Each structure stands twice: as structure tokens, then as C-alpha cells.
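Q: Handing over model_14.pdb, PDB, C-alpha atoms.
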```pdb
ATOM      1  CA  MET A  14     124.039  98.741 114.495
ATOM      2  CA  ILE A  15     121.723  96.464 116.405
ATOM      3  CA  THR A  16     118.714  97.239 114.204
ATOM      4  CA  TYR A  17     117.894  98.939 110.931
ATOM      5  CA  ILE A  18     114.760 100.807 109.924
ATOM      6  CA  VAL A  19     114.375 100.738 106.159
ATOM      7  CA  CYS A  20     111.874 103.146 104.621
ATOM      8  CA  GLU A  21     111.061 104.489 101.188
ATOM      9  CA  GLY A  22     112.074 108.145 100.998
ATOM     10  CA  HIS A  23     114.247 110.753 102.658
ATOM     11  CA  LEU A  24     111.217 112.537 104.122
ATOM     12  CA  ASP A  25     110.082 109.246 105.694
ATOM     13  CA  ALA A  26     113.551 108.809 107.197
ATOM     14  CA  GLN A  27     113.525 112.376 108.512
ATOM     15  CA  ILE A  28     110.088 111.842 110.085
ATOM     16  CA  LEU A  29     111.199 108.595 111.723
ATOM     17  CA  GLN A  30     114.463 110.044 113.051
ATOM     18  CA  THR A  31     112.636 113.045 114.499
ATOM     19  CA  VAL A  32     109.501 111.420 115.888
ATOM     20  CA  LEU A  33     110.748 108.102 117.266
ATOM     21  CA  PRO A  34     112.061 108.292 120.845
ATOM     22  CA  ALA A  35     115.774 109.123 120.825
ATOM     23  CA  ASN A  36     116.568 106.452 123.414
ATOM     24  CA  LEU A  37     115.268 103.785 121.024
ATOM     25  CA  LEU A  38     117.335 105.086 118.101
ATOM     26  CA  THR A  39     120.693 104.407 119.759
ATOM     27  CA  ASP A  40     122.496 101.881 117.536
ATOM     28  CA  VAL A  41     119.630 102.003 115.034
ATOM     29  CA  GLY A  42     120.245 102.940 111.427
ATOM     30  CA  VAL A  43     117.436 104.656 109.541
ATOM     31  CA  VAL A  44     117.883 104.191 105.800
ATOM     32  CA  ALA A  45     115.855 105.615 102.896
ATOM     33  CA  ALA A  46     115.978 102.984 100.172
ATOM     34  CA  GLY A  47     114.056 104.835  97.468
ATOM     35  CA  GLY A  48     110.889 102.822  96.813
ATOM     36  CA  VAL A  49     109.114  99.624  97.808
ATOM     37  CA  SER A  50     111.185  97.247  95.688
ATOM     38  CA  ALA A  51     114.393  98.913  96.884
ATOM     39  CA  VAL A  52     113.144  98.666 100.491
ATOM     40  CA  GLU A  53     112.507  94.941 100.068
ATOM     41  CA  SER A  54     115.902  94.386  98.454
ATOM     42  CA  LEU A  55     117.816  96.319 101.116
ATOM     43  CA  ALA A  56     115.884  94.633 103.940
ATOM     44  CA  ARG A  57     116.684  91.209 102.501
ATOM     45  CA  SER A  58     120.365  92.136 102.202
ATOM     46  CA  LEU A  59     120.548  93.396 105.788
ATOM     47  CA  VAL A  60     118.840  90.294 107.126
ATOM     48  CA  VAL A  61     121.131  87.955 105.148
ATOM     49  CA  ARG A  62     124.480  89.748 105.369
ATOM     50  CA  ARG A  63     124.338  91.525 108.711
ATOM     51  CA  ARG A  64     121.858  89.239 110.481
ATOM     52  CA  VAL A  65     120.379  92.165 112.397
ATOM     53  CA  PRO A  66     116.718  92.918 113.078
ATOM     54  CA  VAL A  67     115.043  95.092 110.458
ATOM     55  CA  VAL A  68     111.913  97.226 110.559
ATOM     56  CA  ILE A  69     110.485  97.775 107.090
ATOM     57  CA  VAL A  70     108.313 100.894 106.898
ATOM     58  CA  VAL A  71     106.389 101.425 103.658
ATOM     59  CA  ASP A  72     103.380 103.367 102.475
ATOM     60  CA  ALA A  73     100.347 101.165 101.966
ATOM     61  CA  ASP A  74      99.184 103.430  99.122
ATOM     62  CA  SER A  75      95.658 102.305  99.974
ATOM     63  CA  VAL A  76      93.095 102.439 102.751
ATOM     64  CA  VAL A  77      91.387  99.212 101.676
ATOM     65  CA  SER A  78      92.281  96.781 104.452
ATOM     66  CA  GLU A  79      92.466  93.751 102.144
ATOM     67  CA  LEU A  80      94.941  95.518  99.855
ATOM     68  CA  VAL A  81      96.996  96.777 102.787
ATOM     69  CA  GLU A  82      97.222  93.295 104.296
ATOM     70  CA  GLN A  83      98.079  91.727 100.936
ATOM     71  CA  ARG A  84     100.897  94.205 100.444
ATOM     72  CA  ARG A  85     102.166  93.525 103.975
ATOM     73  CA  LYS A  86     101.976  89.779 103.382
ATOM     74  CA  ASP A  87     103.857  90.018 100.072
ATOM     75  CA  ILE A  88     106.692  91.978 101.688
ATOM     76  CA  GLU A  89     106.783  89.648 104.704
ATOM     77  CA  GLU A  90     107.028  86.586 102.469
ATOM     78  CA  THR A  91     109.856  88.143 100.447
ATOM     79  CA  VAL A  92     111.937  88.874 103.545
ATOM     80  CA  GLU A  93     110.906  85.785 105.494
ATOM     81  CA  SER A  94     112.273  83.549 102.759
ATOM     82  CA  VAL A  95     115.822  84.639 103.728
ATOM     83  CA  SER A  96     115.448  85.695 107.368
ATOM     84  CA  ILE A  97     116.090  82.321 109.039
ATOM     85  CA  ASN A  98     115.859  83.422 112.712
ATOM     86  CA  THR A  99     116.516  87.124 112.250
ATOM     87  CA  PRO A 100     113.570  89.182 113.490
ATOM     88  CA  PHE A 101     111.948  91.663 111.169
ATOM     89  CA  LYS A 102     108.735  93.659 111.128
ATOM     90  CA  VAL A 103     106.768  95.152 108.256
ATOM     91  CA  VAL A 104     104.969  98.348 109.260
ATOM     92  CA  MET A 105     102.438  99.785 106.844
ATOM     93  CA  ALA A 106     101.773 103.521 106.869
ATOM     94  CA  VAL A 107      98.111 103.685 105.862
ATOM     95  CA  PRO A 108      97.792 105.169 103.346
ATOM     96  CA  GLU A 109     101.099 107.118 103.545
ATOM     97  CA  MET A 110     103.537 108.202 106.263
ATOM     98  CA  GLU A 111     102.355 111.828 106.058
ATOM     99  CA  ILE A 112      98.993 110.788 107.571
ATOM    100  CA  ILE A 113     100.519 111.291 111.027
ATOM    101  CA  PHE A 114     100.339 115.069 110.526
ATOM    102  CA  PHE A 115      96.565 114.943 110.038
ATOM    103  CA  LYS A 116      95.683 113.209 113.314
ATOM    104  CA  ASP A 117      95.782 116.526 115.190
ATOM    105  CA  VAL A 118      94.500 119.427 113.081
ATOM    106  CA  SER A 119      95.445 122.044 115.686
ATOM    107  CA  LEU A 120      99.059 120.834 115.559
ATOM    108  CA  LEU A 121      99.048 120.927 111.748
ATOM    109  CA  SER A 122      97.437 124.381 111.723
ATOM    110  CA  ARG A 123     100.064 125.775 114.089
ATOM    111  CA  LEU A 124     102.872 124.327 111.964
ATOM    112  CA  LEU A 125     101.385 125.705 108.729
ATOM    113  CA  GLY A 126     100.524 129.093 110.209
ATOM    114  CA  TYR A 127      96.869 128.896 109.158
ATOM    115  CA  ILE A 128      93.765 126.725 109.619
ATOM    116  CA  PRO A 129      93.271 124.527 106.538
ATOM    117  CA  HIS A 130      89.824 124.302 104.961
ATOM    118  CA  GLN A 131      87.878 121.207 105.974
ATOM    119  CA  ASP A 132      87.442 120.072 102.337
ATOM    120  CA  ILE A 133      91.197 119.919 101.858
ATOM    121  CA  LEU A 134      91.683 118.105 105.155
ATOM    122  CA  ALA A 135      89.114 115.485 104.118
ATOM    123  CA  ARG A 136      91.284 114.538 101.124
ATOM    124  CA  ALA A 137      94.153 113.677 103.452
ATOM    125  CA  ALA A 138      92.438 110.446 104.458
ATOM    126  CA  LEU A 139      93.240 109.048 101.008
ATOM    127  CA  LYS A 140      96.192 111.158  99.829
ATOM    128  CA  PRO A 141      97.995 112.680 102.813
ATOM    129  CA  LYS A 142     101.287 113.340 101.004
ATOM    130  CA  GLU A 143      99.594 115.211  98.151
ATOM    131  CA  THR A 144      97.341 117.066 100.579
ATOM    132  CA  LEU A 145     100.265 118.085 102.782
ATOM    133  CA  GLU A 146     102.121 119.417  99.741
ATOM    134  CA  GLU A 147      99.033 121.432  98.751
ATOM    135  CA  LEU A 148      98.710 122.856 102.266
ATOM    136  CA  ILE A 149     102.404 123.752 102.342
ATOM    137  CA  SER A 150     102.063 125.580  99.018
ATOM    138  CA  GLN A 151      99.461 127.846 100.681
ATOM    139  CA  SER A 152     101.540 128.479 103.804
ATOM    140  CA  GLU A 153     103.444 131.709 104.290
ATOM    141  CA  ILE A 154     105.864 130.190 106.821
ATOM    142  CA  ILE A 155     106.476 126.635 105.555
ATOM    143  CA  HIS A 156     107.898 126.012 102.094
ATOM    144  CA  ASN A 157     108.596 122.266 102.112
ATOM    145  CA  PRO A 158     107.786 119.195 104.233
ATOM    146  CA  SER A 159     111.224 119.197 105.887
ATOM    147  CA  GLU A 160     110.445 122.605 107.398
ATOM    148  CA  ILE A 161     107.381 121.134 109.112
ATOM    149  CA  ILE A 162     109.564 118.506 110.727
ATOM    150  CA  ASP A 163     112.107 121.131 111.772
ATOM    151  CA  ARG A 164     109.364 123.132 113.516
ATOM    152  CA  LEU A 165     108.136 120.245 115.666
ATOM    153  CA  THR A 166     108.270 120.887 119.401
ATOM    154  CA  ASN A 167     108.753 118.159 121.999
ATOM    155  CA  LYS A 168     105.007 118.273 122.672
ATOM    156  CA  ASP A 169     104.276 117.869 118.928
ATOM    157  CA  ILE A 170     106.625 114.902 118.788
ATOM    158  CA  GLU A 171     104.859 113.281 121.742
ATOM    159  CA  ILE A 172     101.539 113.656 119.905
ATOM    160  CA  LEU A 173     102.949 112.183 116.671
ATOM    161  CA  GLN A 174     104.465 109.278 118.608
ATOM    162  CA  LEU A 175     100.920 108.156 119.413
ATOM    163  CA  SER A 176     100.218 107.313 115.763
ATOM    164  CA  SER A 177      99.782 103.612 115.016
ATOM    165  CA  VAL A 178     102.788 103.587 112.670
ATOM    166  CA  MET A 179     105.106 104.952 115.344
ATOM    167  CA  GLN A 180     103.636 102.704 118.031
ATOM    168  CA  GLU A 181     104.295  99.581 115.936
ATOM    169  CA  ILE A 182     107.892 100.612 115.354
ATOM    170  CA  VAL A 183     108.424 101.506 119.025
ATOM    171  CA  HIS A 184     107.048  98.133 120.115
ATOM    172  CA  PHE A 185     109.403  96.257 117.777
ATOM    173  CA  LEU A 186     112.453  98.325 118.743
ATOM    174  CA  ARG A 187     111.742  97.781 122.442
ATOM    175  CA  SER A 188     111.376  94.030 121.982
ATOM    176  CA  VAL A 189     114.651  93.871 120.018
ATOM    177  CA  ARG A 190     116.428  95.921 122.680
ATOM    178  CA  GLU A 191     115.037  93.717 125.483
ATOM    179  CA  THR A 192     116.191  90.596 123.639
ATOM    180  CA  ALA A 193     119.653  92.071 123.067
ATOM    181  CA  ASN A 194     119.954  93.073 126.726
ATOM    182  CA  ALA A 195     118.917  89.596 127.885
ATOM    183  CA  VAL A 196     121.720  87.934 125.930
TER     184      VAL A 196
END
```
Spell out the structure here as C-alpha cells.
A:
Amino acid sequence: MITYIVCEGHLDAQILQTVLPANLLTDVGVVAAGGVSAVESLARSLVVRRRVPVVIVVDADSVVSELVEQRRKDIEETVESVSINTPFKVVMAVPEMEIIFFKDVSLLSRLLGYIPHQDILARAALKPKETLEELISQSEIIHNPSEIIDRLTNKDIEILQLSSVMQEIVHFLRSVRETANAV
């Protein structure tokens, strides 16, 4: 592996493996660590033991910019203390990774098989994971979040790749790949 992406849950890993460009995932391990403290611990271990670049992807669990930045800073400081010269990047999904599905309501509606009510969609800004689960429970064609990911078309994936979370990861992976190719 030339790089690892460490995220919280299996759904996050599935989203990342599906949405990130395949050409950037060659020699990249995507690992679900199981929670923020586990993500930090695994990232530190990878940086120390394997000395490979690591992208840390975690839910911000907030939309308050000061809280998001403080959480990012705390994670960065934890990993930076052991990183020496190994590159790493902390990417915050604000407020949660599932927010990417709410950036294009027509895409979400097609995947769910119905047009969600605007009141429910408004809640996604603060609690996208919970809102997505509620919407899935009302769908006749989707029964769990993994099924949404399985139904994504190439066009859907291109749309989801435009999200800020994915763009940050893509930028880091490209820079790591360019550095590796230059050596």
C-alpha cells in the first residue's frame, strides 16, 4: 500500500471505495476503524509502523465551524506528534459522511424511488445519517444504506465526487501519487 484511508464505519468505507475515482484507489487501503478514537489510534500506528501517507476521514458531528475546526485540530495534533515527515490529512465530513447524498435531491429521489418531503430533507443539514435512515425506511426499493451505494450509476458517482469531502481526499491522493512517481 502506498496510502491508507482510515474512516469510522463500514458504510463510510463502502462510500469511499465506491465514490472515489478507481484510478486513485490503486495501492490504497480503505479501512473502517470503528469510531473516532479508533481512527486516531490506527492512523497513528500506520504513520509510525508503515510510514505511509494516511487520510483520516471522520464525521464532524457538528456544523458549527469552530467545533469542526477544533475537532480537526485535535486529531491533527494527535497524529502529527508521531508523523515525523510522513504526510497525512484529516478530512472532516460536515456534519456526517451521508451528507453527500443530500447535495442532489433528484439523485437521492431516484435512488429511493420517491421524492422525499422537504421537511425531512431540511433535517439532513444537521443529521444526514439519521435522515437517510428515515428516508430508507419509507422506501419500497431500498432497505439499507448499502443498497443505495449499490444502485449508484457512473453519473451518480461523478456527482458525488464533487462533494467537498471527496474533493479533499482526491487532492491528497493525487499529491501523494505525484510525490511517489517523482521519487
Q: Between A:Val76, A:Ala193, A:Ile172, A:Val95, which residue has the minimum interatomic distance to Leu121 (chain A), considering only C-alpha atoms?
A: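 When distances to Leu121 (chain A) are compared using only C-alpha atoms, the smallest one comes from A:Ile172.
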Q: Expressed in Å to a single decimal, how great is the separation between CA of Ile182 (chain A) and CA of Asp72 (chain A)?
A: 13.9 Å
Q: With distances taken over all atoms listed in the file, which of A:Glu171, A:Ile112, A:Gln151, A:Ala35 is nearest to His130 (chain A)?
A: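 Looking only at the distances to His130 (chain A), the closest residue turns out to be A:Gln151.
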Q: Which residues are near Phe115 (chain A)? Cut-off 9 Å, all atoms listed in the file, ignore same chain within fewer than 2 positions. Put them as JSON, numbers by chain.
A: {"A": [111, 112, 113, 117, 118, 120, 121, 134, 137, 138, 141, 145]}
Q: Could you tell me, as a PyMOL selection string, exactly which residues end up selected when the PyMOL selection byres ((chain A and resi 25) around 12) is applied to this structure?
A: chain A and resi 18-24+26-33+43-48+69-72+106+109-113+142+158-159+162+178-179
Q: Under the rule that all atoms listed in the file are counted, which of A:Val77, A:Ala195, A:Leu124, A:Leu175 is the nearest residue to Glu153 (chain A)?
A: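 Ranked by minimum distance to Glu153 (chain A), first place goes to A:Leu124.
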Q: In Å, with one decimal, what is the gap from CA of Leu148 (chain A) to CA of Pro108 (chain A)?
A: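 Separation of CA of Leu148 (chain A) and CA of Pro108 (chain A): 17.7 Å.
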Q: Any idea what the distance is between CA of Phe185 (chain A) and CA of Tyr17 (chain A)?
A: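 Computing the Euclidean distance for CA of Phe185 (chain A) and CA of Tyr17 (chain A) yields 11.2 Å.
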Q: My list of candidates is A:His156, A:Arg123, A:Arg190, A:Lys102. Which is closest to Val68 (chain A) when distances are computed with only C-alpha atoms?
A: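 Nearest candidate to Val68 (chain A) out of A:His156, A:Arg123, A:Arg190, A:Lys102: A:Lys102.
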Q: Please determine, counting all atoms listed in the file, which residue among A:Ile161, A:Leu38, A:Val103, A:Met14 has the shortest atom-to-atom distance to Leu59 (chain A).
A: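 Using all atoms listed in the file, Leu59 (chain A) sits closest to A:Met14.
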Q: Using the chain letters and residue numbers of this document, give as a PDB file with C-alpha atoms, in the coordinates of the input the residues selected by the PyMOL selection byres ((chain A and resi 92) around 12).
A:
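Below you can see part34.pdb, which holds the result:
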```pdb
ATOM      1  CA  SER A  50     111.185  97.247  95.688  1.00  0.00           C
ATOM      2  CA  VAL A  52     113.144  98.666 100.491  1.00  0.00           C
ATOM      3  CA  GLU A  53     112.507  94.941 100.068  1.00  0.00           C
ATOM      4  CA  SER A  54     115.902  94.386  98.454  1.00  0.00           C
ATOM      5  CA  LEU A  55     117.816  96.319 101.116  1.00  0.00           C
ATOM      6  CA  ALA A  56     115.884  94.633 103.940  1.00  0.00           C
ATOM      7  CA  ARG A  57     116.684  91.209 102.501  1.00  0.00           C
ATOM      8  CA  SER A  58     120.365  92.136 102.202  1.00  0.00           C
ATOM      9  CA  LEU A  59     120.548  93.396 105.788  1.00  0.00           C
ATOM     10  CA  VAL A  60     118.840  90.294 107.126  1.00  0.00           C
ATOM     11  CA  VAL A  61     121.131  87.955 105.148  1.00  0.00           C
ATOM     12  CA  PRO A  66     116.718  92.918 113.078  1.00  0.00           C
ATOM     13  CA  VAL A  67     115.043  95.092 110.458  1.00  0.00           C
ATOM     14  CA  VAL A  68     111.913  97.226 110.559  1.00  0.00           C
ATOM     15  CA  ILE A  69     110.485  97.775 107.090  1.00  0.00           C
ATOM     16  CA  ARG A  85     102.166  93.525 103.975  1.00  0.00           C
ATOM     17  CA  LYS A  86     101.976  89.779 103.382  1.00  0.00           C
ATOM     18  CA  ASP A  87     103.857  90.018 100.072  1.00  0.00           C
ATOM     19  CA  ILE A  88     106.692  91.978 101.688  1.00  0.00           C
ATOM     20  CA  GLU A  89     106.783  89.648 104.704  1.00  0.00           C
ATOM     21  CA  GLU A  90     107.028  86.586 102.469  1.00  0.00           C
ATOM     22  CA  THR A  91     109.856  88.143 100.447  1.00  0.00           C
ATOM     23  CA  GLU A  93     110.906  85.785 105.494  1.00  0.00           C
ATOM     24  CA  SER A  94     112.273  83.549 102.759  1.00  0.00           C
ATOM     25  CA  VAL A  95     115.822  84.639 103.728  1.00  0.00           C
ATOM     26  CA  SER A  96     115.448  85.695 107.368  1.00  0.00           C
ATOM     27  CA  ILE A  97     116.090  82.321 109.039  1.00  0.00           C
ATOM     28  CA  ASN A  98     115.859  83.422 112.712  1.00  0.00           C
ATOM     29  CA  THR A  99     116.516  87.124 112.250  1.00  0.00           C
ATOM     30  CA  PRO A 100     113.570  89.182 113.490  1.00  0.00           C
ATOM     31  CA  PHE A 101     111.948  91.663 111.169  1.00  0.00           C
ATOM     32  CA  LYS A 102     108.735  93.659 111.128  1.00  0.00           C
ATOM     33  CA  VAL A 103     106.768  95.152 108.256  1.00  0.00           C
TER      34      VAL A 103
END
```
Q: Identify which of the residues A:Pro34, A:Arg187, A:Gly126, A:Asp74 lies closest to Glu143 (chain A), counting only C-alpha atoms when measuring atom-to-atom distances.
A: A:Asp74
Q: List the residues matched by the PyMOL selection byres ((chain A and resi 40) around 7) in the displayed structure as a ChimeraX atom specification, ordered by chain and then by residue number.
A: /A:14-16,38-39,41-42
